>>> print(open('run-v3.txt').read())   # compact mmCIF, C-alpha atoms and all ligand atoms
# COMPACT_ATOMS: atom_id res chain seq x y z
CA MET A 60 174.35 -91.01 155.72
CA LYS A 61 172.12 -88.51 153.92
CA VAL A 62 173.26 -86.85 150.67
CA LEU A 63 171.71 -83.43 150.03
CA LEU A 64 171.96 -81.66 146.68
CA ALA A 65 171.97 -77.86 146.55
CA ASP A 66 168.80 -76.37 145.03
CA GLU A 67 170.74 -75.01 142.04
CA TYR A 68 173.74 -76.88 140.67
CA GLY A 69 175.49 -78.04 137.53
CA PHE A 70 174.90 -77.02 133.92
CA CYS A 71 173.56 -73.52 133.45
CA PHE A 72 170.87 -72.98 130.83
CA GLY A 73 173.34 -71.83 128.15
CA VAL A 74 175.74 -74.75 128.57
CA GLU A 75 172.95 -77.32 128.68
CA ARG A 76 171.48 -75.84 125.49
CA ALA A 77 174.90 -75.91 123.75
CA VAL A 78 175.48 -79.57 124.65
CA GLU A 79 171.98 -80.48 123.45
CA MET A 80 172.59 -78.70 120.14
CA VAL A 81 175.82 -80.65 119.65
CA GLU A 82 174.03 -83.91 120.46
CA ASP A 83 171.27 -83.06 117.95
CA ALA A 84 173.93 -82.47 115.26
CA LEU A 85 175.59 -85.80 116.11
CA ALA A 86 172.21 -87.55 115.89
CA GLU A 87 171.90 -86.21 112.35
CA GLY A 88 175.23 -87.83 111.50
CA ASP A 89 177.24 -84.57 111.35
CA THR A 90 181.00 -84.39 111.78
CA VAL A 91 181.10 -81.85 114.59
CA ARG A 92 183.91 -79.37 115.24
CA THR A 93 183.55 -76.81 118.04
CA LEU A 94 185.42 -73.53 117.84
CA GLY A 95 187.22 -73.68 121.20
CA PRO A 96 186.31 -76.24 123.88
CA LEU A 97 182.52 -76.45 124.22
CA ILE A 98 182.72 -76.50 128.01
CA HIS A 99 185.42 -76.44 130.68
CA ASN A 100 184.98 -79.99 131.88
CA ASP A 101 187.50 -82.64 130.85
CA GLN A 102 185.20 -85.59 131.53
CA GLU A 103 182.36 -84.18 129.42
CA MET A 104 184.80 -83.23 126.64
CA GLU A 105 186.14 -86.80 126.67
CA ARG A 106 182.58 -88.17 126.43
CA LEU A 107 181.82 -85.89 123.46
CA GLY A 108 185.21 -86.79 121.98
CA ARG A 109 184.22 -90.47 121.96
CA SER A 110 181.18 -89.46 119.86
CA GLY A 111 183.49 -87.84 117.33
CA VAL A 112 183.36 -84.21 118.48
CA SER A 113 186.67 -82.39 118.29
CA THR A 114 187.86 -78.86 118.86
CA ILE A 115 189.34 -76.42 116.37
CA ASN A 116 191.16 -73.26 117.40
CA ALA A 117 190.45 -71.06 114.38
CA PRO A 118 187.83 -70.96 111.58
CA VAL A 119 190.55 -71.70 109.02
CA GLN A 120 190.70 -75.27 110.38
CA ILE A 121 187.11 -76.08 109.44
CA GLN A 122 186.57 -78.12 106.27
CA ARG A 123 183.70 -78.65 103.85
CA GLY A 124 181.51 -81.50 104.99
CA GLN A 125 181.95 -80.53 108.64
CA THR A 126 179.57 -78.83 111.06
CA ALA A 127 181.03 -75.90 112.99
CA VAL A 128 179.67 -75.13 116.45
CA ILE A 129 179.78 -71.68 118.02
CA ARG A 130 179.86 -72.20 121.78
CA ALA A 131 177.81 -70.38 124.43
CA HIS A 132 180.30 -67.47 124.71
CA GLY A 133 179.54 -66.40 121.13
CA VAL A 134 181.95 -65.01 118.51
CA THR A 135 182.43 -61.83 116.47
CA PRO A 136 180.27 -61.40 113.32
CA GLU A 137 183.47 -61.77 111.28
CA VAL A 138 184.27 -65.17 112.75
CA GLN A 139 180.67 -66.25 112.26
CA ARG A 140 180.87 -65.25 108.57
CA GLU A 141 184.14 -67.12 108.12
CA LEU A 142 182.63 -70.27 109.62
CA GLU A 143 179.56 -69.95 107.40
CA GLU A 144 181.78 -69.69 104.32
CA LYS A 145 183.90 -72.72 105.18
CA ALA A 146 181.63 -75.18 106.99
CA SER A 147 178.78 -77.16 105.50
CA LYS A 148 176.64 -76.16 108.46
CA VAL A 149 177.00 -73.80 111.42
CA VAL A 150 175.30 -74.53 114.74
CA ASP A 151 175.11 -71.28 116.69
CA ALA A 152 174.97 -72.22 120.38
CA THR A 153 175.58 -68.65 121.59
CA CYS A 154 173.70 -68.34 124.88
CA PRO A 155 170.65 -66.07 124.38
CA PHE A 156 171.84 -63.97 127.36
CA VAL A 157 175.07 -63.28 125.45
CA THR A 158 173.17 -62.60 122.22
CA ARG A 159 171.26 -59.90 124.09
CA VAL A 160 174.53 -58.11 124.99
CA GLN A 161 175.74 -58.41 121.37
CA LYS A 162 172.51 -56.90 120.05
CA LEU A 163 172.50 -54.04 122.56
CA ALA A 164 176.09 -53.18 121.58
CA ALA A 165 175.35 -53.39 117.84
CA ARG A 166 172.27 -51.16 118.11
CA ALA A 167 174.08 -48.48 120.13
CA ALA A 168 176.94 -48.48 117.61
CA GLU A 169 174.47 -48.03 114.74
CA GLN A 170 173.23 -44.92 116.56
CA ASP A 171 176.87 -43.76 116.80
CA ARG A 172 176.88 -44.05 120.58
CA HIS A 173 179.74 -45.32 122.71
CA VAL A 174 179.43 -48.70 124.40
CA ILE A 175 181.20 -49.55 127.65
CA VAL A 176 181.28 -53.26 128.40
CA VAL A 177 182.36 -54.15 131.93
CA GLY A 178 184.23 -57.44 131.84
CA ASN A 179 187.51 -59.19 131.14
CA PRO A 180 188.76 -57.97 127.73
CA ASP A 181 190.53 -61.29 127.10
CA HIS A 182 187.44 -63.42 127.74
CA PRO A 183 185.98 -64.93 124.52
CA GLU A 184 182.53 -63.54 125.35
CA MET A 185 183.97 -60.01 125.49
CA ILE A 186 185.98 -60.43 122.29
CA GLY A 187 182.74 -61.51 120.59
CA VAL A 188 180.69 -58.59 121.96
CA LYS A 189 183.35 -56.03 120.97
CA GLY A 190 183.14 -57.40 117.45
CA TYR A 191 179.54 -56.15 117.25
CA ALA A 192 180.64 -52.56 117.88
CA PRO A 193 184.33 -52.50 116.94
CA ASP A 194 184.67 -48.72 116.57
CA HIS A 195 182.38 -47.77 119.43
CA ALA A 196 182.99 -50.26 122.27
CA PHE A 197 185.49 -50.26 125.12
CA VAL A 198 185.85 -53.30 127.35
CA ILE A 199 187.05 -52.39 130.84
CA SER A 200 187.49 -54.63 133.89
CA ASP A 201 186.37 -52.24 136.63
CA GLU A 202 186.01 -48.62 137.74
CA THR A 203 189.78 -48.09 138.01
CA GLU A 204 189.96 -48.22 134.20
CA VAL A 205 187.35 -45.51 133.59
CA ALA A 206 190.04 -42.80 133.79
CA LYS A 207 191.65 -44.03 130.56
CA LEU A 208 188.41 -43.69 128.55
CA PRO A 209 187.93 -40.71 126.20
CA ARG A 210 184.93 -38.33 126.52
CA LEU A 211 181.87 -40.42 125.72
CA ARG A 212 178.85 -39.88 123.44
CA GLN A 213 175.49 -41.03 124.88
CA PRO A 214 177.15 -44.08 126.40
CA LEU A 215 175.51 -47.44 126.93
CA VAL A 216 176.98 -49.50 129.77
CA VAL A 217 176.49 -53.29 129.71
CA SER A 218 178.26 -56.18 131.42
CA GLN A 219 179.90 -59.51 130.79
CA THR A 220 177.28 -62.06 131.84
CA THR A 221 179.35 -63.54 134.66
CA ILE A 222 180.81 -60.56 136.54
CA LYS A 223 179.94 -59.41 140.06
CA ALA A 224 177.02 -56.96 140.32
CA LYS A 225 179.03 -54.57 142.53
CA THR A 226 181.83 -54.30 139.96
CA PHE A 227 179.27 -53.53 137.27
CA PHE A 228 177.33 -50.86 139.15
CA ASP A 229 180.46 -49.16 140.57
CA THR A 230 181.93 -48.97 137.07
CA ALA A 231 178.67 -47.74 135.52
CA GLU A 232 178.53 -44.98 138.15
CA ALA A 233 182.12 -43.94 137.42
CA VAL A 234 181.38 -43.75 133.66
CA LYS A 235 179.09 -40.77 134.36
CA SER A 236 182.20 -38.63 134.92
CA LYS A 237 183.16 -39.16 131.26
CA THR A 238 180.14 -37.58 129.61
CA ASP A 239 177.65 -34.71 129.76
CA ASP A 240 175.04 -36.96 128.13
CA GLU A 241 172.67 -39.33 129.79
CA VAL A 242 174.25 -42.74 130.58
CA GLN A 243 172.10 -45.77 129.72
CA ILE A 244 172.90 -48.61 132.13
CA VAL A 245 171.63 -52.09 131.25
CA ASN A 246 172.48 -54.87 133.70
CA THR A 247 173.19 -57.92 131.52
CA ILE A 248 174.60 -60.15 134.29
CA CYS A 249 173.18 -63.67 134.17
CA SER A 250 171.98 -65.05 137.50
CA ALA A 251 173.28 -68.63 137.01
CA THR A 252 176.53 -68.13 138.95
CA ARG A 253 174.89 -66.20 141.77
CA ASP A 254 172.02 -68.71 142.08
CA ARG A 255 174.49 -71.61 142.44
CA GLN A 256 176.49 -69.75 145.07
CA GLU A 257 173.40 -68.80 147.08
CA ALA A 258 172.08 -72.37 146.99
CA ALA A 259 175.48 -73.72 148.13
CA ARG A 260 175.63 -71.14 150.95
CA ALA A 261 172.15 -72.11 152.13
CA LEU A 262 173.15 -75.77 152.34
CA ALA A 263 176.71 -75.43 153.68
CA GLY A 264 175.63 -74.70 157.27
CA GLU A 265 173.56 -77.88 157.42
CA VAL A 266 176.06 -80.53 156.35
CA ASP A 267 179.16 -82.21 157.84
CA VAL A 268 181.02 -82.60 154.55
CA PHE A 269 180.52 -80.77 151.23
CA TYR A 270 181.65 -81.93 147.78
CA ILE A 271 181.83 -79.44 144.94
CA ILE A 272 182.12 -81.24 141.61
CA GLY A 273 183.91 -79.23 138.96
CA GLY A 274 187.08 -78.66 137.03
CA ARG A 275 190.06 -77.51 139.08
CA HIS A 276 190.54 -74.68 136.57
CA SER A 277 186.88 -73.67 136.50
CA SER A 278 186.59 -70.31 138.25
CA ASN A 279 182.91 -70.74 139.12
CA SER A 280 183.67 -74.12 140.76
CA ARG A 281 186.51 -72.62 142.81
CA LYS A 282 184.21 -69.83 143.95
CA LEU A 283 181.64 -72.42 145.02
CA LEU A 284 184.36 -74.09 147.11
CA MET A 285 185.14 -70.78 148.85
CA VAL A 286 181.46 -70.18 149.60
CA CYS A 287 181.06 -73.68 151.10
CA GLU A 288 184.27 -73.46 153.16
CA GLU A 289 182.91 -70.41 154.99
CA GLN A 290 180.44 -72.63 156.83
CA CYS A 291 181.64 -76.17 156.26
CA PRO A 292 185.41 -76.60 156.84
CA LYS A 293 185.30 -80.08 155.31
CA SER A 294 184.54 -78.84 151.79
CA PHE A 295 186.32 -80.45 148.86
CA LEU A 296 186.53 -79.59 145.16
CA ILE A 297 186.64 -82.84 143.18
CA GLU A 298 186.61 -83.62 139.47
CA THR A 299 185.42 -87.25 139.77
CA GLU A 300 184.25 -89.70 142.42
CA GLU A 301 187.72 -91.27 142.42
CA GLU A 302 189.05 -88.28 144.35
CA ILE A 303 186.81 -88.93 147.37
CA ASP A 304 188.74 -90.12 150.41
CA ALA A 305 186.40 -92.34 152.48
CA ALA A 306 188.23 -91.19 155.64
CA ASP A 307 186.80 -87.68 155.14
CA LEU A 308 183.30 -89.13 155.42
CA ALA A 309 183.89 -91.00 158.69
CA GLY A 310 181.15 -90.07 161.15
CA ALA A 311 179.39 -87.76 158.67
CA GLU A 312 175.60 -87.82 158.90
CA THR A 313 174.82 -85.34 156.13
CA VAL A 314 176.85 -84.69 153.00
CA GLY A 315 176.21 -81.72 150.69
CA VAL A 316 176.79 -81.85 146.95
CA THR A 317 176.87 -79.13 144.35
CA ALA A 318 178.51 -78.71 140.95
CA GLY A 319 179.96 -75.99 138.76
CA ALA A 320 178.13 -74.71 135.67
CA SER A 321 180.09 -77.02 133.34
CA THR A 322 179.58 -80.26 135.28
CA PRO A 323 177.27 -82.74 133.53
CA ASP A 324 174.46 -84.55 135.33
CA TRP A 325 175.87 -88.03 134.68
CA LEU A 326 179.03 -87.13 136.58
CA ILE A 327 177.05 -85.70 139.50
CA LYS A 328 174.99 -88.92 139.71
CA LYS A 329 178.17 -91.03 139.74
CA VAL A 330 179.59 -89.00 142.64
CA ILE A 331 176.36 -89.27 144.66
CA ALA A 332 176.18 -93.04 144.09
CA HIS A 333 179.78 -93.37 145.26
CA ILE A 334 179.17 -91.35 148.44
CA GLU A 335 176.09 -93.45 149.20
CA GLU A 336 178.13 -96.60 148.66
CA ILE A 337 180.75 -95.40 151.16
CA GLY A 338 177.93 -94.49 153.60
CA LYS A 339 176.54 -98.03 153.46
CA LYS A 340 179.91 -99.48 154.44
CA GLN A 341 180.32 -97.26 157.50
S1 LIG B 401 176.47 -68.53 132.65
FE1 LIG B 401 174.56 -67.53 132.00
S2 LIG B 401 175.14 -66.35 130.19
FE2 LIG B 401 176.77 -67.83 130.52
S3 LIG B 401 176.19 -69.57 129.27
FE3 LIG B 401 175.37 -69.95 131.31
S4 LIG B 401 173.26 -69.17 131.21
FE4 LIG B 401 174.36 -68.29 129.48
>>> encode(input="run-v3.txt", output="structure tokens")
Amino acid sequence: MKVLLADEYGFCFGVERAVEMVEDALAEGDTVRTLGPLIHNDQEMERLGRSGVSTINAPVQIQRGQTAVIRAHGVTPEVQRELEEKASKVVDATCPFVTRVQKLAARAAEQDRHVIVVGNPDHPEMIGVKGYAPDHAFVISDETEVAKLPRLRQPLVVSQTTIKAKTFFDTAEAVKSKTDDEVQIVNTICSATRDRQEAARALAGEVDVFYIIGGRHSSNSRKLLMVCEEQCPKSFLIETEEEIDAADLAGAETVGVTAGASTPDWLIKKVIAHIEEIGKKQ
């Protein structure tokens, strides 16, 4: 039985960087508190928990002597200030792709221009970005929400890093109806999600069984499952190797593996070793 890994899988750049920054802080002996869960993967959170990392839900919970970590989604400048006042140290693990959106929004607001951010208004990344242009930014999910916007001044249109390109461009086009000024459109979508989906699609037609490793509540992992199922009906979303049913692998010659953007490498290796073990017994 041959196990084939998709060309792109697992931790995206921003998540990997955030985990490394937390590990560096732990190595320095810090007491680490992340504002919100660092990543959406229970197994990795448990591993970090065993090293003493815990999660707080609001800056007020941070205490002197502790290190506060801002996760990859970023936060508003206000929250950042609050953490800096309360914590002994702040580790800012905001993904540089998110920082770019924050800076674009802040600069446009300084010039008294409107900012349209296409994304989910309840997503922490969007709450953070809006905080950089509180009186100038509107976060809208798609083109159907353009109608509720006021007339716009020299608008800048940017996107949440993880939305679909079509949603972004359709919305940006619709925004033109709300102004007589030129509309500046800056595509700030990060390619990590798309790259993982394309790599999974490329592999799905070549394998008999496909395992997608990721949290059941992780939307990018569920999307990977849908992509794989299109070409490989025996596709399974699993959180750990324990969920693999050996019967599903009976007669399989090639097995595909991919993982969501929050799945750590150690977990992927464990799953592959387990599949290979089952293969040897067949
Ligand atoms: S998905 Fe992209 S923007 Fe988001 S944390 Fe990962 S690399 Fe950064």
>>> residues_near_ligand(input="run-v3.txt", ligand="ligand LIG 401 (chain B)", cutoff="8 Å", atoms="all atoms listed in the file", output="PyMOL selection string")
chain A and resi 70-74+131-132+153-157+220-221+248-252+320
>>> residues_near_point(input="run-v3.txt", point="(177.8, -84.6, 153.3)", cutoff="8 Å", atoms="all atoms listed in the file", output="ChimeraX atom specification")
/A:60-63,266-270,308,311-316
>>> residues_around(input="run-v3.txt", residues="Asn100 of chain A", least_positions_apart="3", cutoff="10 Å", atoms="all atoms listed in the file", output="list in words")
Pro96, Leu97, Glu103, Met104, Glu105, Gly273, Gly274, Arg275, His276, Ser277, Glu298, Gly319, Ala320, Ser321, Thr322 and Pro323 of chain A
>>> closest_residue(input="run-v3.txt", among="A:Ala192, A:Val217, A:Ala146, A:Ile129", to="Gly178 of chain A", atoms="all atoms listed in the file")
A:Val217
>>> closest_residue(input="run-v3.txt", among="A:Phe227, A:Phe295, A:Trp325, A:Tyr68", to="Ile271 of chain A", atoms="all atoms listed in the file")
A:Phe295
>>> residues_around(input="run-v3.txt", residues="Glu144 of chain A", least_positions_apart="3", cutoff="12 Å", atoms="all atoms listed in the file", output="ChimeraX atom specification")
/A:118-119,121-127,137-141,147-149
>>> write_last_selection(input="run-v3.txt", atoms="C-alpha atoms", output="PDB file, in the frame of the given file")
ATOM      1  CA  PRO A 118     187.830 -70.960 111.580  1.00  0.00           C
ATOM      2  CA  VAL A 119     190.550 -71.700 109.020  1.00  0.00           C
ATOM      3  CA  ILE A 121     187.110 -76.080 109.440  1.00  0.00           C
ATOM      4  CA  GLN A 122     186.570 -78.120 106.270  1.00  0.00           C
ATOM      5  CA  ARG A 123     183.700 -78.650 103.850  1.00  0.00           C
ATOM      6  CA  GLY A 124     181.510 -81.500 104.990  1.00  0.00           C
ATOM      7  CA  GLN A 125     181.950 -80.530 108.640  1.00  0.00           C
ATOM      8  CA  THR A 126     179.570 -78.830 111.060  1.00  0.00           C
ATOM      9  CA  ALA A 127     181.030 -75.900 112.990  1.00  0.00           C
ATOM     10  CA  GLU A 137     183.470 -61.770 111.280  1.00  0.00           C
ATOM     11  CA  VAL A 138     184.270 -65.170 112.750  1.00  0.00           C
ATOM     12  CA  GLN A 139     180.670 -66.250 112.260  1.00  0.00           C
ATOM     13  CA  ARG A 140     180.870 -65.250 108.570  1.00  0.00           C
ATOM     14  CA  GLU A 141     184.140 -67.120 108.120  1.00  0.00           C
ATOM     15  CA  SER A 147     178.780 -77.160 105.500  1.00  0.00           C
ATOM     16  CA  LYS A 148     176.640 -76.160 108.460  1.00  0.00           C
ATOM     17  CA  VAL A 149     177.000 -73.800 111.420  1.00  0.00           C
TER      18      VAL A 149
END
>>> atom_distance(input="run-v3.txt", atom1="atom CA of Ala306 of chain A", atom2="atom CA of Cys287 of chain A")
19.5 Å
>>> atom_distance(input="run-v3.txt", atom1="atom CA of His195 of chain A", atom2="atom CA of Arg212 of chain A")
9.5 Å
>>> residues_around(input="run-v3.txt", residues="Val245 of chain A", least_positions_apart="3", cutoff="9 Å", atoms="all atoms listed in the file", output="PyMOL selection string")
chain A and resi 163+215-218
>>> atom_distance(input="run-v3.txt", atom1="atom CA of Val205 of chain A", atom2="atom CA of Val234 of chain A")
6.2 Å
>>> closest_residue(input="run-v3.txt", among="A:Ile222, A:Val242, A:Val112, A:Met80", to="Ala167 of chain A", atoms="only C-alpha atoms")
A:Val242
>>> closest_residue(input="run-v3.txt", among="A:Ile303, A:Leu64, A:Ala164, A:Ala84", to="Asp324 of chain A", atoms="all atoms listed in the file")
A:Leu64
